[in-house]
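In what follows, a single structure is set out as structure tokens and then discussed.
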Amino acid sequence: MTPDPRAAPLVRVAIVGVTGRMGQALLRAAPAFSQLIVTGAVASPASLALGRDAGELIGIGPTNLKVSSDLPRALADADVAIDFSQPAATRTNLAACRAARKALLIGTTGLEAGLEAALAAAAREIAVLSAPNTSIAVALLMQLVRASAAALPGTFDMNILEMHHRGKRDAPSGTALALRAAAAAGRGSPEGQIGIASVRAGDLPGEHTVFFSGPGEQLSLSHRASDRAIFARGALTAALWLASRPPGHYSMSDFIEQKT
């Protein structure tokens, strides 16, 4: 069968941190995206999964995609990388993508302090999207929080409650910090005036609520994740968009605004 020359070319994706919860969720979600193909499955050099078939990790059988720790080689066969590895590895992964001139979506949270300069430098040469939360609905929530903070008078207190599974290491979550920044930007007030309460329990994928509490009334804006697949679908959708972007530092809000 002759390929349709008008068809958009496949976007090749390398998944970094493929053995983690989100890495495996990305592998499971990818077959539903006809526009992309996963060409790289990268894990840490200490991973026990090295050399295994990535499909076997998620119980779908052989896929002829071997787990490797060689990120530069994986990038050579990719158009964009999605990084859900460990915070300590983000700087190295960013440098590798910059050297290979490949776009990078960073979904890792709890990033080390001082990474902003490296992100800014890389964004001058490649497209970088850093997202503490890759849910498309959460990206919309950020915009709603900013607009609400700008519209409500200063008599309304702003507070955030976030809940995650007991294994999540960073608290507050990156999403809660981003929500606080959005609220502070909308109000034009210091972030330190907005309280965050964190709960770590059970296997909760994630829940965030922003409370605007005023005299005699309260407005709450919430997002509740019941399945980690929403973050994988959002990351893959955003990666498809990012692969064709010019160099720059993007956010999920940029993606939402471009798509709508």
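Note on naming: chains are A, B, ... as they come in the structure tokens, residues start from 1 per chain, ligands start from 1 in the order shown.
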
Please identify which residues in region 46-174 of chain A DSSP calls alpha helix (DSSP H) from the backbone, and express them as a PDB file with all heavy atoms, in the first residue's frame.
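The resulting file, result34.pdb, is reproduced below:
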```pdb
ATOM      1  N   ALA A  54      10.375  -3.452  26.587  1.00  0.00           N
ATOM      2  CA  ALA A  54       9.528  -2.485  27.293  1.00  0.00           C
ATOM      3  C   ALA A  54       8.090  -2.966  27.395  1.00  0.00           C
ATOM      4  O   ALA A  54       7.408  -2.699  28.385  1.00  0.00           O
ATOM      5  CB  ALA A  54       9.586  -1.129  26.586  1.00  0.00           C
ATOM      6  N   GLY A  55       7.622  -3.674  26.385  1.00  0.00           N
ATOM      7  CA  GLY A  55       6.255  -4.177  26.428  1.00  0.00           C
ATOM      8  C   GLY A  55       6.032  -5.171  27.547  1.00  0.00           C
ATOM      9  O   GLY A  55       4.942  -5.243  28.126  1.00  0.00           O
ATOM     10  N   GLU A  56       7.063  -5.947  27.861  1.00  0.00           N
ATOM     11  CA  GLU A  56       6.935  -6.922  28.939  1.00  0.00           C
ATOM     12  C   GLU A  56       6.803  -6.236  30.299  1.00  0.00           C
ATOM     13  O   GLU A  56       6.240  -6.806  31.237  1.00  0.00           O
ATOM     14  CB  GLU A  56       8.131  -7.864  28.931  1.00  0.00           C
ATOM     15  CG  GLU A  56       8.188  -8.756  27.685  1.00  0.00           C
ATOM     16  CD  GLU A  56       9.409  -9.653  27.688  1.00  0.00           C
ATOM     17  OE1 GLU A  56      10.315  -9.413  28.498  1.00  0.00           O
ATOM     18  OE2 GLU A  56       9.447 -10.588  26.854  1.00  0.00           O
ATOM     19  N   LEU A  57       7.331  -5.012  30.408  1.00  0.00           N
ATOM     20  CA  LEU A  57       7.218  -4.283  31.675  1.00  0.00           C
ATOM     21  C   LEU A  57       5.767  -4.000  32.035  1.00  0.00           C
ATOM     22  O   LEU A  57       5.412  -3.947  33.213  1.00  0.00           O
ATOM     23  CB  LEU A  57       7.972  -2.946  31.593  1.00  0.00           C
ATOM     24  CG  LEU A  57       9.496  -2.984  31.569  1.00  0.00           C
ATOM     25  CD1 LEU A  57      10.037  -1.576  31.383  1.00  0.00           C
ATOM     26  CD2 LEU A  57      10.033  -3.599  32.859  1.00  0.00           C
ATOM     27  N   LEU A  71      20.776   7.430  26.819  1.00  0.00           N
ATOM     28  CA  LEU A  71      19.884   8.499  26.371  1.00  0.00           C
ATOM     29  C   LEU A  71      20.332   9.128  25.052  1.00  0.00           C
ATOM     30  O   LEU A  71      19.496   9.333  24.165  1.00  0.00           O
ATOM     31  CB  LEU A  71      19.744   9.561  27.460  1.00  0.00           C
ATOM     32  CG  LEU A  71      18.880  10.772  27.108  1.00  0.00           C
ATOM     33  CD1 LEU A  71      17.483  10.356  26.684  1.00  0.00           C
ATOM     34  CD2 LEU A  71      18.811  11.738  28.287  1.00  0.00           C
ATOM     35  N   PRO A  72      21.613   9.459  24.863  1.00  0.00           N
ATOM     36  CA  PRO A  72      22.011  10.044  23.574  1.00  0.00           C
ATOM     37  C   PRO A  72      21.631   9.179  22.376  1.00  0.00           C
ATOM     38  O   PRO A  72      21.195   9.698  21.344  1.00  0.00           O
ATOM     39  CB  PRO A  72      23.532  10.179  23.715  1.00  0.00           C
ATOM     40  CG  PRO A  72      23.750  10.360  25.181  1.00  0.00           C
ATOM     41  CD  PRO A  72      22.739   9.460  25.825  1.00  0.00           C
ATOM     42  N   ARG A  73      21.786   7.866  22.511  1.00  0.00           N
ATOM     43  CA  ARG A  73      21.419   6.988  21.385  1.00  0.00           C
ATOM     44  C   ARG A  73      19.908   7.007  21.170  1.00  0.00           C
ATOM     45  O   ARG A  73      19.443   7.008  20.021  1.00  0.00           O
ATOM     46  CB  ARG A  73      21.895   5.571  21.665  1.00  0.00           C
ATOM     47  CG  ARG A  73      21.546   4.606  20.537  1.00  0.00           C
ATOM     48  CD  ARG A  73      22.335   3.334  20.604  1.00  0.00           C
ATOM     49  NE  ARG A  73      22.050   2.462  19.467  1.00  0.00           N
ATOM     50  CZ  ARG A  73      22.712   1.365  19.186  1.00  0.00           C
ATOM     51  NH1 ARG A  73      23.723   0.992  19.960  1.00  0.00           N
ATOM     52  NH2 ARG A  73      22.392   0.635  18.134  1.00  0.00           N
ATOM     53  N   ALA A  74      19.140   7.018  22.254  1.00  0.00           N
ATOM     54  CA  ALA A  74      17.678   7.059  22.121  1.00  0.00           C
ATOM     55  C   ALA A  74      17.241   8.362  21.464  1.00  0.00           C
ATOM     56  O   ALA A  74      16.308   8.383  20.647  1.00  0.00           O
ATOM     57  CB  ALA A  74      17.021   6.911  23.492  1.00  0.00           C
ATOM     58  N   LEU A  75      17.919   9.458  21.798  1.00  0.00           N
ATOM     59  CA  LEU A  75      17.569  10.755  21.216  1.00  0.00           C
ATOM     60  C   LEU A  75      17.881  10.811  19.730  1.00  0.00           C
ATOM     61  O   LEU A  75      17.216  11.527  18.974  1.00  0.00           O
ATOM     62  CB  LEU A  75      18.304  11.877  21.946  1.00  0.00           C
ATOM     63  CG  LEU A  75      17.863  12.136  23.384  1.00  0.00           C
ATOM     64  CD1 LEU A  75      18.778  13.161  24.042  1.00  0.00           C
ATOM     65  CD2 LEU A  75      16.409  12.619  23.418  1.00  0.00           C
ATOM     66  N   ALA A  76      18.890  10.067  19.303  1.00  0.00           N
ATOM     67  CA  ALA A  76      19.246  10.057  17.889  1.00  0.00           C
ATOM     68  C   ALA A  76      18.105   9.538  17.026  1.00  0.00           C
ATOM     69  O   ALA A  76      17.981   9.904  15.851  1.00  0.00           O
ATOM     70  CB  ALA A  76      20.496   9.202  17.668  1.00  0.00           C
ATOM     71  N   THR A  90      17.453  15.372  36.018  1.00  0.00           N
ATOM     72  CA  THR A  90      16.856  16.316  35.069  1.00  0.00           C
ATOM     73  C   THR A  90      17.903  17.172  34.370  1.00  0.00           C
ATOM     74  O   THR A  90      17.852  17.373  33.150  1.00  0.00           O
ATOM     75  CB  THR A  90      15.841  17.225  35.777  1.00  0.00           C
ATOM     76  OG1 THR A  90      14.842  16.420  36.401  1.00  0.00           O
ATOM     77  CG2 THR A  90      15.171  18.156  34.779  1.00  0.00           C
ATOM     78  N   ARG A  91      18.873  17.665  35.117  1.00  0.00           N
ATOM     79  CA  ARG A  91      19.887  18.539  34.511  1.00  0.00           C
ATOM     80  C   ARG A  91      20.677  17.785  33.422  1.00  0.00           C
ATOM     81  O   ARG A  91      20.934  18.321  32.340  1.00  0.00           O
ATOM     82  CB  ARG A  91      20.834  19.069  35.587  1.00  0.00           C
ATOM     83  CG  ARG A  91      21.812  20.132  35.087  1.00  0.00           C
ATOM     84  CD  ARG A  91      22.722  20.588  36.217  1.00  0.00           C
ATOM     85  NE  ARG A  91      21.993  21.245  37.283  1.00  0.00           N
ATOM     86  CZ  ARG A  91      21.717  22.557  37.289  1.00  0.00           C
ATOM     87  NH1 ARG A  91      22.128  23.328  36.282  1.00  0.00           N
ATOM     88  NH2 ARG A  91      21.053  23.094  38.296  1.00  0.00           N
ATOM     89  N   THR A  92      21.047  16.535  33.718  1.00  0.00           N
ATOM     90  CA  THR A  92      21.781  15.732  32.742  1.00  0.00           C
ATOM     91  C   THR A  92      20.927  15.434  31.517  1.00  0.00           C
ATOM     92  O   THR A  92      21.405  15.506  30.373  1.00  0.00           O
ATOM     93  CB  THR A  92      22.248  14.411  33.386  1.00  0.00           C
ATOM     94  OG1 THR A  92      23.117  14.708  34.476  1.00  0.00           O
ATOM     95  CG2 THR A  92      22.988  13.544  32.385  1.00  0.00           C
ATOM     96  N   ASN A  93      19.660  15.101  31.739  1.00  0.00           N
ATOM     97  CA  ASN A  93      18.765  14.812  30.620  1.00  0.00           C
ATOM     98  C   ASN A  93      18.535  16.048  29.763  1.00  0.00           C
ATOM     99  O   ASN A  93      18.463  15.961  28.527  1.00  0.00           O
ATOM    100  CB  ASN A  93      17.433  14.279  31.152  1.00  0.00           C
ATOM    101  CG  ASN A  93      17.592  12.971  31.899  1.00  0.00           C
ATOM    102  OD1 ASN A  93      18.574  12.252  31.715  1.00  0.00           O
ATOM    103  ND2 ASN A  93      16.634  12.649  32.754  1.00  0.00           N
ATOM    104  N   LEU A  94      18.421  17.192  30.415  1.00  0.00           N
ATOM    105  CA  LEU A  94      18.250  18.445  29.681  1.00  0.00           C
ATOM    106  C   LEU A  94      19.468  18.730  28.808  1.00  0.00           C
ATOM    107  O   LEU A  94      19.336  19.113  27.636  1.00  0.00           O
ATOM    108  CB  LEU A  94      18.025  19.590  30.677  1.00  0.00           C
ATOM    109  CG  LEU A  94      17.899  21.002  30.106  1.00  0.00           C
ATOM    110  CD1 LEU A  94      16.662  21.115  29.221  1.00  0.00           C
ATOM    111  CD2 LEU A  94      17.831  22.032  31.241  1.00  0.00           C
ATOM    112  N   ALA A  95      20.650  18.527  29.367  1.00  0.00           N
ATOM    113  CA  ALA A  95      21.885  18.759  28.613  1.00  0.00           C
ATOM    114  C   ALA A  95      21.983  17.824  27.410  1.00  0.00           C
ATOM    115  O   ALA A  95      22.423  18.224  26.325  1.00  0.00           O
ATOM    116  CB  ALA A  95      23.092  18.578  29.528  1.00  0.00           C
ATOM    117  N   ALA A  96      21.551  16.564  27.586  1.00  0.00           N
ATOM    118  CA  ALA A  96      21.601  15.604  26.490  1.00  0.00           C
ATOM    119  C   ALA A  96      20.658  16.011  25.358  1.00  0.00           C
ATOM    120  O   ALA A  96      21.008  15.907  24.177  1.00  0.00           O
ATOM    121  CB  ALA A  96      21.242  14.213  26.999  1.00  0.00           C
ATOM    122  N   CYS A  97      19.462  16.468  25.702  1.00  0.00           N
ATOM    123  CA  CYS A  97      18.505  16.905  24.677  1.00  0.00           C
ATOM    124  C   CYS A  97      19.009  18.158  23.969  1.00  0.00           C
ATOM    125  O   CYS A  97      18.846  18.305  22.751  1.00  0.00           O
ATOM    126  CB  CYS A  97      17.141  17.163  25.309  1.00  0.00           C
ATOM    127  SG  CYS A  97      16.282  15.657  25.820  1.00  0.00           S
ATOM    128  N   ARG A  98      19.621  19.037  24.727  1.00  0.00           N
ATOM    129  CA  ARG A  98      20.180  20.250  24.122  1.00  0.00           C
ATOM    130  C   ARG A  98      21.291  19.891  23.138  1.00  0.00           C
ATOM    131  O   ARG A  98      21.353  20.441  22.031  1.00  0.00           O
ATOM    132  CB  ARG A  98      20.693  21.182  25.217  1.00  0.00           C
ATOM    133  CG  ARG A  98      21.259  22.494  24.699  1.00  0.00           C
ATOM    134  CD  ARG A  98      21.788  23.343  25.846  1.00  0.00           C
ATOM    135  NE  ARG A  98      22.338  24.597  25.365  1.00  0.00           N
ATOM    136  CZ  ARG A  98      22.962  25.491  26.134  1.00  0.00           C
ATOM    137  NH1 ARG A  98      23.089  25.270  27.440  1.00  0.00           N
ATOM    138  NH2 ARG A  98      23.437  26.611  25.607  1.00  0.00           N
ATOM    139  N   ALA A  99      22.154  18.970  23.530  1.00  0.00           N
ATOM    140  CA  ALA A  99      23.249  18.555  22.649  1.00  0.00           C
ATOM    141  C   ALA A  99      22.724  17.878  21.387  1.00  0.00           C
ATOM    142  O   ALA A  99      23.295  18.038  20.301  1.00  0.00           O
ATOM    143  CB  ALA A  99      24.191  17.626  23.401  1.00  0.00           C
ATOM    144  N   ALA A 100      21.630  17.124  21.530  1.00  0.00           N
ATOM    145  CA  ALA A 100      21.065  16.403  20.382  1.00  0.00           C
ATOM    146  C   ALA A 100      20.097  17.258  19.578  1.00  0.00           C
ATOM    147  O   ALA A 100      19.599  16.812  18.540  1.00  0.00           O
ATOM    148  CB  ALA A 100      20.343  15.149  20.875  1.00  0.00           C
ATOM    149  N   GLU A 116      16.672  26.858  36.831  1.00  0.00           N
ATOM    150  CA  GLU A 116      16.077  27.835  35.913  1.00  0.00           C
ATOM    151  C   GLU A 116      17.075  28.320  34.867  1.00  0.00           C
ATOM    152  O   GLU A 116      16.733  28.490  33.696  1.00  0.00           O
ATOM    153  CB  GLU A 116      15.510  29.030  36.688  1.00  0.00           C
ATOM    154  CG  GLU A 116      14.306  28.715  37.559  1.00  0.00           C
ATOM    155  CD  GLU A 116      14.678  28.052  38.869  1.00  0.00           C
ATOM    156  OE1 GLU A 116      15.897  27.950  39.153  1.00  0.00           O
ATOM    157  OE2 GLU A 116      13.764  27.632  39.601  1.00  0.00           O
ATOM    158  N   ALA A 117      18.317  28.573  35.288  1.00  0.00           N
ATOM    159  CA  ALA A 117      19.321  29.075  34.344  1.00  0.00           C
ATOM    160  C   ALA A 117      19.604  28.052  33.244  1.00  0.00           C
ATOM    161  O   ALA A 117      19.726  28.411  32.070  1.00  0.00           O
ATOM    162  CB  ALA A 117      20.614  29.422  35.081  1.00  0.00           C
ATOM    163  N   ALA A 118      19.685  26.779  33.617  1.00  0.00           N
ATOM    164  CA  ALA A 118      19.922  25.729  32.626  1.00  0.00           C
ATOM    165  C   ALA A 118      18.733  25.593  31.675  1.00  0.00           C
ATOM    166  O   ALA A 118      18.908  25.381  30.469  1.00  0.00           O
ATOM    167  CB  ALA A 118      20.204  24.401  33.321  1.00  0.00           C
ATOM    168  N   LEU A 119      17.522  25.719  32.205  1.00  0.00           N
ATOM    169  CA  LEU A 119      16.325  25.659  31.367  1.00  0.00           C
ATOM    170  C   LEU A 119      16.299  26.816  30.369  1.00  0.00           C
ATOM    171  O   LEU A 119      15.993  26.631  29.191  1.00  0.00           O
ATOM    172  CB  LEU A 119      15.070  25.692  32.240  1.00  0.00           C
ATOM    173  CG  LEU A 119      14.726  24.408  32.997  1.00  0.00           C
ATOM    174  CD1 LEU A 119      13.635  24.675  34.022  1.00  0.00           C
ATOM    175  CD2 LEU A 119      14.278  23.316  32.029  1.00  0.00           C
ATOM    176  N   ALA A 120      16.635  28.014  30.872  1.00  0.00           N
ATOM    177  CA  ALA A 120      16.624  29.190  30.001  1.00  0.00           C
ATOM    178  C   ALA A 120      17.665  29.061  28.893  1.00  0.00           C
ATOM    179  O   ALA A 120      17.405  29.412  27.735  1.00  0.00           O
ATOM    180  CB  ALA A 120      16.877  30.447  30.833  1.00  0.00           C
ATOM    181  N   ALA A 121      18.840  28.547  29.238  1.00  0.00           N
ATOM    182  CA  ALA A 121      19.900  28.379  28.237  1.00  0.00           C
ATOM    183  C   ALA A 121      19.498  27.352  27.186  1.00  0.00           C
ATOM    184  O   ALA A 121      19.694  27.561  25.983  1.00  0.00           O
ATOM    185  CB  ALA A 121      21.195  27.968  28.922  1.00  0.00           C
ATOM    186  N   ALA A 122      18.926  26.238  27.628  1.00  0.00           N
ATOM    187  CA  ALA A 122      18.510  25.194  26.683  1.00  0.00           C
ATOM    188  C   ALA A 122      17.384  25.688  25.789  1.00  0.00           C
ATOM    189  O   ALA A 122      17.331  25.358  24.596  1.00  0.00           O
ATOM    190  CB  ALA A 122      18.074  23.951  27.446  1.00  0.00           C
ATOM    191  N   ALA A 123      16.476  26.500  26.359  1.00  0.00           N
ATOM    192  CA  ALA A 123      15.319  26.976  25.603  1.00  0.00           C
ATOM    193  C   ALA A 123      15.703  27.927  24.476  1.00  0.00           C
ATOM    194  O   ALA A 123      14.885  28.207  23.600  1.00  0.00           O
ATOM    195  CB  ALA A 123      14.330  27.655  26.542  1.00  0.00           C
ATOM    196  N   ILE A 136      -4.464  18.044  31.022  1.00  0.00           N
ATOM    197  CA  ILE A 136      -4.982  19.194  30.282  1.00  0.00           C
ATOM    198  C   ILE A 136      -6.007  19.939  31.131  1.00  0.00           C
ATOM    199  O   ILE A 136      -6.083  21.175  31.101  1.00  0.00           O
ATOM    200  CB  ILE A 136      -5.583  18.726  28.947  1.00  0.00           C
ATOM    201  CG1 ILE A 136      -4.473  18.166  28.049  1.00  0.00           C
ATOM    202  CG2 ILE A 136      -6.306  19.867  28.238  1.00  0.00           C
ATOM    203  CD1 ILE A 136      -4.961  17.565  26.755  1.00  0.00           C
ATOM    204  N   ALA A 137      -6.793  19.210  31.930  1.00  0.00           N
ATOM    205  CA  ALA A 137      -7.782  19.861  32.791  1.00  0.00           C
ATOM    206  C   ALA A 137      -7.100  20.695  33.872  1.00  0.00           C
ATOM    207  O   ALA A 137      -7.595  21.767  34.243  1.00  0.00           O
ATOM    208  CB  ALA A 137      -8.692  18.815  33.426  1.00  0.00           C
ATOM    209  N   VAL A 138      -5.957  20.230  34.392  1.00  0.00           N
ATOM    210  CA  VAL A 138      -5.236  21.008  35.394  1.00  0.00           C
ATOM    211  C   VAL A 138      -4.675  22.284  34.770  1.00  0.00           C
ATOM    212  O   VAL A 138      -4.643  23.341  35.412  1.00  0.00           O
ATOM    213  CB  VAL A 138      -4.109  20.173  36.035  1.00  0.00           C
ATOM    214  CG1 VAL A 138      -3.158  21.051  36.838  1.00  0.00           C
ATOM    215  CG2 VAL A 138      -4.710  19.115  36.950  1.00  0.00           C
ATOM    216  N   ALA A 139      -4.242  22.209  33.509  1.00  0.00           N
ATOM    217  CA  ALA A 139      -3.761  23.410  32.823  1.00  0.00           C
ATOM    218  C   ALA A 139      -4.880  24.456  32.744  1.00  0.00           C
ATOM    219  O   ALA A 139      -4.643  25.655  32.932  1.00  0.00           O
ATOM    220  CB  ALA A 139      -3.266  23.055  31.432  1.00  0.00           C
ATOM    221  N   LEU A 140      -6.100  23.999  32.502  1.00  0.00           N
ATOM    222  CA  LEU A 140      -7.238  24.914  32.495  1.00  0.00           C
ATOM    223  C   LEU A 140      -7.518  25.438  33.901  1.00  0.00           C
ATOM    224  O   LEU A 140      -7.842  26.610  34.089  1.00  0.00           O
ATOM    225  CB  LEU A 140      -8.469  24.200  31.933  1.00  0.00           C
ATOM    226  CG  LEU A 140      -9.760  25.019  31.874  1.00  0.00           C
ATOM    227  CD1 LEU A 140      -9.567  26.277  31.040  1.00  0.00           C
ATOM    228  CD2 LEU A 140     -10.894  24.173  31.310  1.00  0.00           C
ATOM    229  N   LEU A 141      -7.371  24.551  34.912  1.00  0.00           N
ATOM    230  CA  LEU A 141      -7.565  24.972  36.302  1.00  0.00           C
ATOM    231  C   LEU A 141      -6.624  26.123  36.656  1.00  0.00           C
ATOM    232  O   LEU A 141      -7.019  27.067  37.351  1.00  0.00           O
ATOM    233  CB  LEU A 141      -7.333  23.789  37.242  1.00  0.00           C
ATOM    234  CG  LEU A 141      -7.374  24.082  38.744  1.00  0.00           C
ATOM    235  CD1 LEU A 141      -8.760  24.575  39.168  1.00  0.00           C
ATOM    236  CD2 LEU A 141      -6.993  22.841  39.554  1.00  0.00           C
ATOM    237  N   MET A 142      -5.386  26.065  36.189  1.00  0.00           N
ATOM    238  CA  MET A 142      -4.425  27.139  36.456  1.00  0.00           C
ATOM    239  C   MET A 142      -4.972  28.478  35.966  1.00  0.00           C
ATOM    240  O   MET A 142      -4.871  29.505  36.653  1.00  0.00           O
ATOM    241  CB  MET A 142      -3.095  26.847  35.757  1.00  0.00           C
ATOM    242  CG  MET A 142      -2.391  25.594  36.192  1.00  0.00           C
ATOM    243  SD  MET A 142      -1.576  25.759  37.779  1.00  0.00           S
ATOM    244  CE  MET A 142      -0.827  24.124  37.911  1.00  0.00           C
ATOM    245  N   GLN A 143      -5.554  28.467  34.775  1.00  0.00           N
ATOM    246  CA  GLN A 143      -6.090  29.699  34.213  1.00  0.00           C
ATOM    247  C   GLN A 143      -7.296  30.187  35.003  1.00  0.00           C
ATOM    248  O   GLN A 143      -7.457  31.390  35.231  1.00  0.00           O
ATOM    249  CB  GLN A 143      -6.460  29.481  32.743  1.00  0.00           C
ATOM    250  CG  GLN A 143      -5.263  29.158  31.856  1.00  0.00           C
ATOM    251  CD  GLN A 143      -5.645  28.992  30.399  1.00  0.00           C
ATOM    252  OE1 GLN A 143      -6.798  28.719  30.074  1.00  0.00           O
ATOM    253  NE2 GLN A 143      -4.686  29.147  29.513  1.00  0.00           N
ATOM    254  N   LEU A 144      -8.144  29.257  35.440  1.00  0.00           N
ATOM    255  CA  LEU A 144      -9.307  29.635  36.235  1.00  0.00           C
ATOM    256  C   LEU A 144      -8.898  30.217  37.582  1.00  0.00           C
ATOM    257  O   LEU A 144      -9.516  31.176  38.076  1.00  0.00           O
ATOM    258  CB  LEU A 144     -10.216  28.418  36.442  1.00  0.00           C
ATOM    259  CG  LEU A 144     -10.866  27.827  35.186  1.00  0.00           C
ATOM    260  CD1 LEU A 144     -11.605  26.540  35.535  1.00  0.00           C
ATOM    261  CD2 LEU A 144     -11.816  28.833  34.562  1.00  0.00           C
ATOM    262  N   VAL A 145      -7.866  29.644  38.184  1.00  0.00           N
ATOM    263  CA  VAL A 145      -7.390  30.144  39.476  1.00  0.00           C
ATOM    264  C   VAL A 145      -6.842  31.562  39.338  1.00  0.00           C
ATOM    265  O   VAL A 145      -7.125  32.449  40.147  1.00  0.00           O
ATOM    266  CB  VAL A 145      -6.314  29.198  40.056  1.00  0.00           C
ATOM    267  CG1 VAL A 145      -5.565  29.855  41.214  1.00  0.00           C
ATOM    268  CG2 VAL A 145      -6.958  27.899  40.519  1.00  0.00           C
ATOM    269  N   ARG A 146      -6.052  31.785  38.297  1.00  0.00           N
ATOM    270  CA  ARG A 146      -5.494  33.124  38.071  1.00  0.00           C
ATOM    271  C   ARG A 146      -6.617  34.148  37.870  1.00  0.00           C
ATOM    272  O   ARG A 146      -6.596  35.243  38.436  1.00  0.00           O
ATOM    273  CB  ARG A 146      -4.572  33.106  36.859  1.00  0.00           C
ATOM    274  CG  ARG A 146      -3.907  34.454  36.563  1.00  0.00           C
ATOM    275  CD  ARG A 146      -3.185  34.402  35.219  1.00  0.00           C
ATOM    276  NE  ARG A 146      -2.033  33.534  35.273  1.00  0.00           N
ATOM    277  CZ  ARG A 146      -0.776  33.966  35.460  1.00  0.00           C
ATOM    278  NH1 ARG A 146      -0.546  35.266  35.612  1.00  0.00           N
ATOM    279  NH2 ARG A 146       0.229  33.118  35.487  1.00  0.00           N
ATOM    280  N   ALA A 147      -7.610  33.783  37.037  1.00  0.00           N
ATOM    281  CA  ALA A 147      -8.712  34.700  36.758  1.00  0.00           C
ATOM    282  C   ALA A 147      -9.541  34.968  38.011  1.00  0.00           C
ATOM    283  O   ALA A 147      -9.970  36.103  38.254  1.00  0.00           O
ATOM    284  CB  ALA A 147      -9.595  34.130  35.652  1.00  0.00           C
ATOM    285  N   SER A 148      -9.772  33.934  38.822  1.00  0.00           N
ATOM    286  CA  SER A 148     -10.556  34.104  40.048  1.00  0.00           C
ATOM    287  C   SER A 148      -9.832  34.992  41.043  1.00  0.00           C
ATOM    288  O   SER A 148     -10.441  35.863  41.684  1.00  0.00           O
ATOM    289  CB  SER A 148     -10.849  32.742  40.675  1.00  0.00           C
ATOM    290  OG  SER A 148     -11.601  31.926  39.804  1.00  0.00           O
ATOM    291  N   ALA A 149      -8.529  34.786  41.181  1.00  0.00           N
ATOM    292  CA  ALA A 149      -7.746  35.605  42.113  1.00  0.00           C
ATOM    293  C   ALA A 149      -7.750  37.066  41.689  1.00  0.00           C
ATOM    294  O   ALA A 149      -7.742  37.972  42.531  1.00  0.00           O
ATOM    295  CB  ALA A 149      -6.316  35.077  42.185  1.00  0.00           C
ATOM    296  N   ALA A 150      -7.752  37.291  40.373  1.00  0.00           N
ATOM    297  CA  ALA A 150      -7.764  38.671  39.878  1.00  0.00           C
ATOM    298  C   ALA A 150      -9.132  39.320  40.071  1.00  0.00           C
ATOM    299  O   ALA A 150      -9.231  40.528  40.319  1.00  0.00           O
ATOM    300  CB  ALA A 150      -7.383  38.685  38.394  1.00  0.00           C
ATOM    301  N   ALA A 151     -10.197  38.519  39.976  1.00  0.00           N
ATOM    302  CA  ALA A 151     -11.552  39.083  40.025  1.00  0.00           C
ATOM    303  C   ALA A 151     -12.064  39.301  41.450  1.00  0.00           C
ATOM    304  O   ALA A 151     -12.801  40.262  41.709  1.00  0.00           O
ATOM    305  CB  ALA A 151     -12.506  38.170  39.268  1.00  0.00           C
ATOM    306  N   GLY A 174       4.415  19.815  43.059  1.00  0.00           N
ATOM    307  CA  GLY A 174       4.725  20.829  42.061  1.00  0.00           C
ATOM    308  C   GLY A 174       3.465  21.507  41.540  1.00  0.00           C
ATOM    309  O   GLY A 174       3.463  22.706  41.240  1.00  0.00           O
TER     310      GLY A 174
END
```

Which residues come within 10 Å of Pro132 (chain A), counting only C-alpha atoms, excluding same-chain residues fewer than 5 positions away, as a ChimeraX atom specification? /A:106-111,138-139,173-178,251-252

Would you give me, as a VMD selection string, the residues in region 31-197 of chain A that DSSP reads as strand (DSSP E or B)? chain A and resid 36 to 42 53 66 to 68 80 to 83 103 to 106 127 to 130 157 to 164 195 to 197

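Taking only C-alpha atoms, the non-local environment of Gly216 (chain A) within 12 Å (same-chain residues fewer than 3 positions away omitted) comprises Thr155, Phe156, Phe212, Ser213 and Leu219 of chain A.
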
Got time to write the residues from that selection, N, CA and C atoms, as a PDB file, in the first residue's frame?
```pdb
ATOM      1  N   THR A 155     -10.456  40.761  50.269  1.00  0.00           N
ATOM      2  CA  THR A 155     -11.050  40.224  51.496  1.00  0.00           C
ATOM      3  C   THR A 155     -11.184  38.705  51.443  1.00  0.00           C
ATOM      4  N   PHE A 156     -10.952  38.125  50.269  1.00  0.00           N
ATOM      5  CA  PHE A 156     -11.002  36.667  50.131  1.00  0.00           C
ATOM      6  C   PHE A 156      -9.623  36.083  50.406  1.00  0.00           C
ATOM      7  N   PHE A 212     -11.121  29.992  47.863  1.00  0.00           N
ATOM      8  CA  PHE A 212     -11.214  31.445  47.993  1.00  0.00           C
ATOM      9  C   PHE A 212     -12.297  31.710  49.034  1.00  0.00           C
ATOM     10  N   SER A 213     -11.888  32.093  50.230  1.00  0.00           N
ATOM     11  CA  SER A 213     -12.817  32.208  51.358  1.00  0.00           C
ATOM     12  C   SER A 213     -13.003  33.671  51.733  1.00  0.00           C
ATOM     13  N   LEU A 219     -15.572  30.137  47.434  1.00  0.00           N
ATOM     14  CA  LEU A 219     -15.459  29.554  46.105  1.00  0.00           C
ATOM     15  C   LEU A 219     -14.332  28.547  46.136  1.00  0.00           C
TER      16      LEU A 219
END
```

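The interatomic distance for the pair CA of Ile82 (chain A) and CA of Pro31 (chain A) works out to 15.7 Å.
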
For Lys66 (chain A), find every residue with an atom within 6 Å (counting only C-alpha atoms), except residues of its own chain fewer than 2 positions away, and show them as a PyMOL selection string. chain A and resi 51-54

Please identify all polymer residues within 9 Å of Gly17 (chain A), counting only C-alpha atoms, omitting same-chain residues fewer than 2 positions from it, and present them as a PyMOL selection string. chain A and resi 15+19-24+41-44+82-86

Compile the contact shell of Ala127 (chain A) as a ChimeraX atom specification: residues with an atom at most 10 Å away, counting only C-alpha atoms, same-chain residues fewer than 4 positions apart removed. /A:80,97-98,101-105,122-123,242-250

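Using only C-alpha atoms for every distance, the candidate list A:Gly59, A:Pro87, A:Gly192, A:Pro205 yields A:Pro205 as the residue closest to Ile230 (chain A).
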
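Picture a line from CA of Val13 (chain A) to CA of Ala81 (chain A); it runs 5.6 Å.
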